[in-house]
Every structure is written in structure tokens, then in C-alpha cells.
$ cat entry02.cif   # mmCIF, C-alpha atoms; chains and numbers go by the auth columns
data_final
loop_
_atom_site.group_PDB
_atom_site.id
_atom_site.type_symbol
_atom_site.label_atom_id
_atom_site.label_comp_id
_atom_site.label_asym_id
_atom_site.label_seq_id
_atom_site.Cartn_x
_atom_site.Cartn_y
_atom_site.Cartn_z
_atom_site.B_iso_or_equiv
_atom_site.auth_seq_id
_atom_site.auth_asym_id
ATOM 1 C CA VAL A 1 21.537 -17.736 13.904 0.00 1 A
ATOM 2 C CA SER A 2 23.213 -14.544 15.022 0.00 2 A
ATOM 3 C CA THR A 3 26.939 -14.482 15.652 0.00 3 A
ATOM 4 C CA ALA A 4 28.659 -12.172 18.102 0.00 4 A
ATOM 5 C CA ILE A 5 32.280 -11.847 19.118 0.00 5 A
ATOM 6 C CA VAL A 6 32.585 -10.750 22.727 0.00 6 A
ATOM 7 C CA ARG A 7 35.777 -9.215 24.072 0.00 7 A
ATOM 8 C CA PHE A 8 36.325 -9.247 27.831 0.00 8 A
ATOM 9 C CA TYR A 9 38.639 -6.565 29.203 0.00 9 A
ATOM 10 C CA TYR A 10 40.771 -7.594 32.171 0.00 10 A
ATOM 11 C CA PRO A 11 38.308 -9.721 34.154 0.00 11 A
ATOM 12 C CA TYR A 12 38.894 -9.738 37.888 0.00 12 A
ATOM 13 C CA GLY A 13 37.142 -11.052 40.954 0.00 13 A
ATOM 14 C CA PRO A 14 37.044 -14.242 42.996 0.00 14 A
ATOM 15 C CA GLY A 15 38.689 -17.108 41.114 0.00 15 A
ATOM 16 C CA CYS A 16 40.615 -14.842 38.722 0.00 16 A
ATOM 17 C CA GLU A 17 43.950 -14.941 40.507 0.00 17 A
ATOM 18 C CA ARG A 18 45.803 -15.939 37.304 0.00 18 A
ATOM 19 C CA TYR A 19 44.586 -12.898 35.374 0.00 19 A
ATOM 20 C CA LEU A 20 46.299 -9.500 35.350 0.00 20 A
ATOM 21 C CA VAL A 21 44.616 -7.878 38.355 0.00 21 A
ATOM 22 C CA GLY A 22 44.992 -10.993 40.503 0.00 22 A
ATOM 23 C CA ARG A 23 48.682 -11.277 39.598 0.00 23 A
ATOM 24 C CA LEU A 24 49.214 -7.586 40.414 0.00 24 A
ATOM 25 C CA ILE A 25 47.552 -7.983 43.812 0.00 25 A
ATOM 26 C CA GLU A 26 49.794 -10.951 44.610 0.00 26 A
ATOM 27 C CA ALA A 27 52.912 -9.081 43.418 0.00 27 A
ATOM 28 C CA VAL A 28 52.133 -6.064 45.599 0.00 28 A
ATOM 29 C CA LYS A 29 51.328 -8.236 48.634 0.00 29 A
ATOM 30 C CA THR A 30 54.613 -10.154 48.317 0.00 30 A
ATOM 31 C CA GLY A 31 56.770 -7.129 47.467 0.00 31 A
ATOM 32 C CA LYS A 32 57.663 -8.372 43.996 0.00 32 A
ATOM 33 C CA GLU A 33 58.922 -5.714 41.570 0.00 33 A
ATOM 34 C CA ILE A 34 56.453 -4.958 38.770 0.00 34 A
ATOM 35 C CA ASN A 35 57.733 -3.796 35.378 0.00 35 A
ATOM 36 C CA ILE A 36 55.645 -1.362 33.359 0.00 36 A
ATOM 37 C CA GLU A 37 56.316 0.198 29.975 0.00 37 A
ATOM 38 C CA GLY A 38 56.883 3.953 30.159 0.00 38 A
ATOM 39 C CA GLU A 39 56.111 6.060 33.208 0.00 39 A
ATOM 40 C CA GLU A 40 52.425 5.186 33.471 0.00 40 A
ATOM 41 C CA GLY A 41 52.160 1.848 31.680 0.00 41 A
ATOM 42 C CA VAL A 42 49.307 0.826 29.433 0.00 42 A
ATOM 43 C CA LEU A 43 45.763 2.085 29.892 0.00 43 A
ATOM 44 C CA VAL A 44 43.377 -0.663 31.063 0.00 44 A
ATOM 45 C CA ASN A 45 39.756 -0.906 32.169 0.00 45 A
ATOM 46 C CA PRO A 46 39.339 -3.970 34.379 0.00 46 A
ATOM 47 C CA THR A 47 35.877 -5.532 34.539 0.00 47 A
ATOM 48 C CA TYR A 48 34.489 -7.099 37.698 0.00 48 A
ATOM 49 C CA LEU A 49 32.997 -10.573 37.234 0.00 49 A
ATOM 50 C CA SER A 50 29.445 -9.549 38.139 0.00 50 A
ATOM 51 C CA ASP A 51 29.510 -6.917 35.392 0.00 51 A
ATOM 52 C CA LEU A 52 30.803 -9.492 32.898 0.00 52 A
ATOM 53 C CA ALA A 53 28.110 -11.947 33.930 0.00 53 A
ATOM 54 C CA ASN A 54 25.447 -9.279 33.450 0.00 54 A
ATOM 55 C CA GLY A 55 26.849 -8.419 30.000 0.00 55 A
ATOM 56 C CA VAL A 56 26.845 -12.054 28.905 0.00 56 A
ATOM 57 C CA ALA A 57 23.260 -12.474 30.155 0.00 57 A
ATOM 58 C CA LEU A 58 22.187 -9.397 28.169 0.00 58 A
ATOM 59 C CA LEU A 59 23.932 -10.778 25.090 0.00 59 A
ATOM 60 C CA LEU A 60 22.288 -14.196 25.405 0.00 60 A
ATOM 61 C CA GLU A 61 18.869 -12.563 25.644 0.00 61 A
ATOM 62 C CA SER A 62 19.475 -10.560 22.463 0.00 62 A
ATOM 63 C CA ASP A 63 19.966 -11.425 18.828 0.00 63 A
ATOM 64 C CA SER A 64 22.901 -9.019 18.524 0.00 64 A
ATOM 65 C CA GLU A 65 25.661 -9.596 16.024 0.00 65 A
ATOM 66 C CA GLY A 66 29.149 -8.264 15.492 0.00 66 A
ATOM 67 C CA ILE A 67 31.912 -7.355 17.906 0.00 67 A
ATOM 68 C CA LEU A 68 30.882 -6.343 21.397 0.00 68 A
ATOM 69 C CA HIS A 69 33.182 -5.213 24.199 0.00 69 A
ATOM 70 C CA LEU A 70 32.444 -5.927 27.837 0.00 70 A
ATOM 71 C CA ALA A 71 34.741 -3.554 29.662 0.00 71 A
ATOM 72 C CA GLY A 72 34.924 -1.905 33.042 0.00 72 A
ATOM 73 C CA PRO A 73 33.492 1.535 33.769 0.00 73 A
ATOM 74 C CA GLU A 74 36.839 3.317 34.231 0.00 74 A
ATOM 75 C CA LYS A 75 40.098 3.532 32.326 0.00 75 A
ATOM 76 C CA ILE A 76 43.203 3.629 34.492 0.00 76 A
ATOM 77 C CA SER A 77 46.934 3.451 33.848 0.00 77 A
ATOM 78 C CA LEU A 78 48.798 0.404 35.056 0.00 78 A
ATOM 79 C CA ARG A 79 50.792 2.582 37.480 0.00 79 A
ATOM 80 C CA GLN A 80 47.587 4.035 38.946 0.00 80 A
ATOM 81 C CA LEU A 81 46.102 0.548 39.279 0.00 81 A
ATOM 82 C CA ILE A 82 49.194 -0.813 41.039 0.00 82 A
ATOM 83 C CA ASN A 83 49.305 2.178 43.399 0.00 83 A
ATOM 84 C CA LEU A 84 45.603 1.737 44.220 0.00 84 A
ATOM 85 C CA ILE A 85 46.221 -1.928 45.016 0.00 85 A
ATOM 86 C CA GLY A 86 49.137 -0.872 47.238 0.00 86 A
ATOM 87 C CA LYS A 87 46.917 1.576 49.097 0.00 87 A
ATOM 88 C CA LEU A 88 44.239 -1.071 49.646 0.00 88 A
ATOM 89 C CA VAL A 89 46.636 -3.780 50.850 0.00 89 A
ATOM 90 C CA GLY A 90 48.677 -1.319 52.921 0.00 90 A
ATOM 91 C CA LYS A 91 51.982 -1.874 51.112 0.00 91 A
ATOM 92 C CA GLN A 92 54.115 0.383 48.951 0.00 92 A
ATOM 93 C CA PRO A 93 54.375 -1.321 45.529 0.00 93 A
ATOM 94 C CA SER A 94 57.723 -1.731 43.804 0.00 94 A
ATOM 95 C CA ILE A 95 57.325 -0.408 40.250 0.00 95 A
ATOM 96 C CA ASN A 96 60.060 -0.363 37.631 0.00 96 A
ATOM 97 C CA SER A 97 59.406 1.841 34.593 0.00 97 A
ATOM 98 C CA ILE A 98 60.995 0.467 31.437 0.00 98 A
ATOM 99 C CA PRO A 99 61.618 3.087 28.760 0.00 99 A
ATOM 100 C CA ALA A 100 59.357 2.095 25.885 0.00 100 A
ATOM 101 C CA LYS A 101 56.689 3.358 23.584 0.00 101 A
ATOM 102 C CA ILE A 102 53.409 2.300 25.132 0.00 102 A
ATOM 103 C CA PRO A 103 51.324 0.189 22.771 0.00 103 A
ATOM 104 C CA GLY A 104 47.679 1.177 22.356 0.00 104 A
ATOM 105 C CA GLY A 105 44.582 -0.956 22.274 0.00 105 A
ATOM 106 C CA HIS A 106 44.578 -2.314 25.823 0.00 106 A
ATOM 107 C CA ALA A 107 41.445 -0.539 27.029 0.00 107 A
ATOM 108 C CA GLY A 108 38.139 -1.066 25.286 0.00 108 A
ATOM 109 C CA SER A 109 35.037 1.016 24.835 0.00 109 A
ATOM 110 C CA TYR A 110 31.729 -0.550 25.813 0.00 110 A
ATOM 111 C CA LYS A 111 29.758 2.187 24.027 0.00 111 A
ATOM 112 C CA ARG A 112 28.397 -0.149 21.338 0.00 112 A
ATOM 113 C CA SER A 113 27.487 -2.795 23.940 0.00 113 A
ATOM 114 C CA SER A 114 25.705 -0.123 25.924 0.00 114 A
ATOM 115 C CA GLN A 115 23.716 1.039 22.898 0.00 115 A
ATOM 116 C CA ILE A 116 22.837 -2.434 21.638 0.00 116 A
ATOM 117 C CA LEU A 117 22.526 -4.463 24.841 0.00 117 A
ATOM 118 C CA GLY A 118 21.972 -1.862 27.517 0.00 118 A
ATOM 119 C CA TYR A 119 25.254 -2.993 29.132 0.00 119 A
ATOM 120 C CA CYS A 120 26.368 -0.643 31.889 0.00 120 A
ATOM 121 C CA PRO A 121 29.083 -1.844 34.263 0.00 121 A
ATOM 122 C CA GLN A 122 28.325 -0.941 37.871 0.00 122 A
ATOM 123 C CA VAL A 123 31.403 -1.949 39.888 0.00 123 A
ATOM 124 C CA SER A 124 34.100 0.725 40.080 0.00 124 A
ATOM 125 C CA ILE A 125 37.714 -0.378 40.123 0.00 125 A
ATOM 126 C CA GLU A 126 38.175 0.681 43.742 0.00 126 A
ATOM 127 C CA THR A 127 34.980 -1.049 44.899 0.00 127 A
ATOM 128 C CA GLY A 128 35.865 -4.257 43.046 0.00 128 A
ATOM 129 C CA LEU A 129 39.393 -4.284 44.410 0.00 129 A
ATOM 130 C CA LYS A 130 38.135 -3.717 47.966 0.00 130 A
ATOM 131 C CA GLN A 131 35.729 -6.659 47.616 0.00 131 A
ATOM 132 C CA LEU A 132 38.481 -8.863 46.238 0.00 132 A
ATOM 133 C CA ILE A 133 41.201 -7.912 48.720 0.00 133 A
ATOM 134 C CA GLN A 134 39.066 -8.085 51.889 0.00 134 A
#

$ encode --input "entry02.cif" --output "C-alpha cells"
Amino acid sequence: VSTAIVRFYYPYGPGCERYLVGRLIEAVKTGKEINIEGEEGVLVNPTYLSDLANGVALLLESDSEGILHLAGPEKISLRQLINLIGKLVGKQPSINSIPAKIPGGHAGSYKRSSQILGYCPQVSIETGLKQLIQ
């Protein structure tokens, strides 16, 4: 029996309102102030649900072992993500930068998953957000 640990990076899509991207969309829509650490905030790479589903299917069809990351195709700062959401919903987001050292490790590399499973996320952040917001 093979054992794999799969790490999902910031899933978003229909039904994921409680996760980071869904909460950010709601905050921008309602005008709620969003706090980020430092000027840009952490670096993230949100993954659309269809890409996650494809990655899990590839994993189940393989006998891969070890740690595998299922991450989105693009890395983006939290500030950039919030501003993109604002652009797509037609509202200026309220962002408060808190002076802090930004912790690392929030964005993952899917390089190993790509090599082992053939995982290749297809949905860009902007495309996924447009699908979710409309």
C-alpha cells in the first residue's frame, strides 16, 4: 500500500465560501477592511476546485508516495489578490497593512506533483475568480 500526503493550497470555487478566497471576496463586496502583514502580504497560489479534482484523480490512479502539493498555477501576493477581486467586483477594497515580517511557506510548488503525476493546473487566478464572482 502506497502512502501519500497531499497538500492543497488555498482551494477556491463554488462551495468554498469559508476558505480564504471566498472570505476575501465577501470582505471586498461588503466593504470590510482587510488586514495584511507588510505592504504586500503573504505570497499565495490559490487552486481552483477543478484543478484540485484533477490532481486527486491523477493521484488515485498512481501508486505515488511521499508529499505532493496541489497548488495553483500562479503565485500572487495577498494585496494583488485583493485588488484583483476588487477590480472584478467593481469595488475598491479597503486594505490595512500591518507592519510585520511576512512569514514564508504560504505558497507551494507543484513541481514534484507535475513530474510524478503529470499534474498541471489549468485555471488561472483571474479566470477562476471571474467564474466564481459571476

$ residues_near_point --input "entry02.cif" --point "(29.1, -1.8, 32.2)" --cutoff "10 Å" --atoms "all atoms listed in the file" --output "PDB file with C-alpha atoms, in the frame of the given file"
ATOM      1  CA  THR A  47      35.877  -5.532  34.539  1.00  0.00           C
ATOM      2  CA  TYR A  48      34.489  -7.099  37.698  1.00  0.00           C
ATOM      3  CA  SER A  50      29.445  -9.549  38.139  1.00  0.00           C
ATOM      4  CA  ASP A  51      29.510  -6.917  35.392  1.00  0.00           C
ATOM      5  CA  LEU A  52      30.803  -9.492  32.898  1.00  0.00           C
ATOM      6  CA  ASN A  54      25.447  -9.279  33.450  1.00  0.00           C
ATOM      7  CA  GLY A  55      26.849  -8.419  30.000  1.00  0.00           C
ATOM      8  CA  HIS A  69      33.182  -5.213  24.199  1.00  0.00           C
ATOM      9  CA  LEU A  70      32.444  -5.927  27.837  1.00  0.00           C
ATOM     10  CA  ALA A  71      34.741  -3.554  29.662  1.00  0.00           C
ATOM     11  CA  GLY A  72      34.924  -1.905  33.042  1.00  0.00           C
ATOM     12  CA  PRO A  73      33.492   1.535  33.769  1.00  0.00           C
ATOM     13  CA  GLU A  74      36.839   3.317  34.231  1.00  0.00           C
ATOM     14  CA  SER A 109      35.037   1.016  24.835  1.00  0.00           C
ATOM     15  CA  TYR A 110      31.729  -0.550  25.813  1.00  0.00           C
ATOM     16  CA  LYS A 111      29.758   2.187  24.027  1.00  0.00           C
ATOM     17  CA  SER A 113      27.487  -2.795  23.940  1.00  0.00           C
ATOM     18  CA  SER A 114      25.705  -0.123  25.924  1.00  0.00           C
ATOM     19  CA  GLY A 118      21.972  -1.862  27.517  1.00  0.00           C
ATOM     20  CA  TYR A 119      25.254  -2.993  29.132  1.00  0.00           C
ATOM     21  CA  CYS A 120      26.368  -0.643  31.889  1.00  0.00           C
ATOM     22  CA  PRO A 121      29.083  -1.844  34.263  1.00  0.00           C
ATOM     23  CA  GLN A 122      28.325  -0.941  37.871  1.00  0.00           C
ATOM     24  CA  VAL A 123      31.403  -1.949  39.888  1.00  0.00           C
ATOM     25  CA  SER A 124      34.100   0.725  40.080  1.00  0.00           C
TER      26      SER A 124
END

$ closest_residue --input "entry02.cif" --among "A:Ala4, A:Leu20, A:Leu88, A:Ile67" --to "A:Leu132" --atoms "all atoms listed in the file"
A:Leu88

$ resolve_selection --input "entry02.cif" --expression "the PyMOL selection byres ((chain A and resi 3) around 10)" --output "MDAnalysis selection string"
chainID A and resid 1:2 4:6 63:67

$ atom_distance --input "entry02.cif" --atom1 "atom CA of A:Glu40" --atom2 "atom CA of A:Ser77"
5.8 Å

$ resolve_selection --input "entry02.cif" --expression "the PyMOL selection byres ((chain A and resi 84) around 12)" --output "number ranges by chain"
A: 21, 24-25, 28, 76-83, 85-93, 125-130, 133

$ resolve_selection --input "entry02.cif" --expression "the PyMOL selection byres ((chain A and resi 9) around 6)" --output "list in words"
Phe8, Tyr10, Pro11, Pro46 and Ala71 of chain A

$ atom_distance --input "entry02.cif" --atom1 "atom CA of A:Glu37" --atom2 "atom CA of A:Lys101"
7.1 Å

$ atom_distance --input "entry02.cif" --atom1 "atom CA of A:Pro103" --atom2 "atom CA of A:Asn35"
14.7 Å

$ build_atoms --input "entry02.cif" --residues "stretch 3-23 of chain A" --atoms "N, CA and C atoms" --output "PDB file, in the frame of the given file"
ATOM      1  N   THR A   3      25.598 -14.215  15.172  1.00  0.00           N
ATOM      2  CA  THR A   3      26.939 -14.482  15.652  1.00  0.00           C
ATOM      3  C   THR A   3      27.527 -13.205  16.228  1.00  0.00           C
ATOM      4  N   ALA A   4      28.029 -13.309  17.445  1.00  0.00           N
ATOM      5  CA  ALA A   4      28.659 -12.172  18.102  1.00  0.00           C
ATOM      6  C   ALA A   4      30.031 -12.589  18.619  1.00  0.00           C
ATOM      7  N   ILE A   5      30.952 -11.668  18.535  1.00  0.00           N
ATOM      8  CA  ILE A   5      32.280 -11.847  19.118  1.00  0.00           C
ATOM      9  C   ILE A   5      32.319 -10.937  20.336  1.00  0.00           C
ATOM     10  N   VAL A   6      32.583 -11.520  21.489  1.00  0.00           N
ATOM     11  CA  VAL A   6      32.585 -10.750  22.727  1.00  0.00           C
ATOM     12  C   VAL A   6      34.016 -10.659  23.245  1.00  0.00           C
ATOM     13  N   ARG A   7      34.438  -9.446  23.528  1.00  0.00           N
ATOM     14  CA  ARG A   7      35.777  -9.215  24.072  1.00  0.00           C
ATOM     15  C   ARG A   7      35.648  -8.800  25.527  1.00  0.00           C
ATOM     16  N   PHE A   8      36.298  -9.560  26.403  1.00  0.00           N
ATOM     17  CA  PHE A   8      36.325  -9.247  27.831  1.00  0.00           C
ATOM     18  C   PHE A   8      37.599  -8.451  28.110  1.00  0.00           C
ATOM     19  N   TYR A   9      37.479  -7.391  28.874  1.00  0.00           N
ATOM     20  CA  TYR A   9      38.639  -6.565  29.203  1.00  0.00           C
ATOM     21  C   TYR A   9      39.032  -6.730  30.664  1.00  0.00           C
ATOM     22  N   TYR A  10      40.138  -7.420  30.876  1.00  0.00           N
ATOM     23  CA  TYR A  10      40.771  -7.594  32.171  1.00  0.00           C
ATOM     24  C   TYR A  10      39.804  -8.028  33.265  1.00  0.00           C
ATOM     25  N   PRO A  11      39.218  -9.217  33.119  1.00  0.00           N
ATOM     26  CA  PRO A  11      38.308  -9.721  34.154  1.00  0.00           C
ATOM     27  C   PRO A  11      39.035  -9.864  35.491  1.00  0.00           C
ATOM     28  N   TYR A  12      38.342  -9.521  36.559  1.00  0.00           N
ATOM     29  CA  TYR A  12      38.894  -9.738  37.888  1.00  0.00           C
ATOM     30  C   TYR A  12      37.760  -9.996  38.866  1.00  0.00           C
ATOM     31  N   GLY A  13      38.107 -10.678  39.929  1.00  0.00           N
ATOM     32  CA  GLY A  13      37.142 -11.052  40.954  1.00  0.00           C
ATOM     33  C   GLY A  13      37.552 -12.383  41.540  1.00  0.00           C
ATOM     34  N   PRO A  14      36.716 -12.945  42.393  1.00  0.00           N
ATOM     35  CA  PRO A  14      37.044 -14.242  42.996  1.00  0.00           C
ATOM     36  C   PRO A  14      37.272 -15.310  41.921  1.00  0.00           C
ATOM     37  N   GLY A  15      38.367 -16.050  42.067  1.00  0.00           N
ATOM     38  CA  GLY A  15      38.689 -17.108  41.114  1.00  0.00           C
ATOM     39  C   GLY A  15      39.522 -16.652  39.927  1.00  0.00           C
ATOM     40  N   CYS A  16      39.849 -15.387  39.867  1.00  0.00           N
ATOM     41  CA  CYS A  16      40.615 -14.842  38.722  1.00  0.00           C
ATOM     42  C   CYS A  16      42.050 -14.486  39.112  1.00  0.00           C
ATOM     43  N   GLU A  17      42.614 -15.248  40.012  1.00  0.00           N
ATOM     44  CA  GLU A  17      43.950 -14.941  40.507  1.00  0.00           C
ATOM     45  C   GLU A  17      45.028 -14.986  39.416  1.00  0.00           C
ATOM     46  N   ARG A  18      44.798 -15.787  38.378  1.00  0.00           N
ATOM     47  CA  ARG A  18      45.803 -15.939  37.304  1.00  0.00           C
ATOM     48  C   ARG A  18      45.762 -14.794  36.301  1.00  0.00           C
ATOM     49  N   TYR A  19      44.710 -14.006  36.322  1.00  0.00           N
ATOM     50  CA  TYR A  19      44.586 -12.898  35.374  1.00  0.00           C
ATOM     51  C   TYR A  19      45.340 -11.676  35.895  1.00  0.00           C
ATOM     52  N   LEU A  20      45.458 -10.660  35.060  1.00  0.00           N
ATOM     53  CA  LEU A  20      46.299  -9.500  35.350  1.00  0.00           C
ATOM     54  C   LEU A  20      46.076  -8.917  36.741  1.00  0.00           C
ATOM     55  N   VAL A  21      44.865  -8.548  37.080  1.00  0.00           N
ATOM     56  CA  VAL A  21      44.616  -7.878  38.355  1.00  0.00           C
ATOM     57  C   VAL A  21      44.984  -8.788  39.522  1.00  0.00           C
ATOM     58  N   GLY A  22      44.636 -10.044  39.450  1.00  0.00           N
ATOM     59  CA  GLY A  22      44.992 -10.993  40.503  1.00  0.00           C
ATOM     60  C   GLY A  22      46.497 -11.136  40.663  1.00  0.00           C
ATOM     61  N   ARG A  23      47.209 -11.176  39.545  1.00  0.00           N
ATOM     62  CA  ARG A  23      48.682 -11.277  39.598  1.00  0.00           C
ATOM     63  C   ARG A  23      49.287 -10.008  40.188  1.00  0.00           C
TER      64      ARG A  23
END
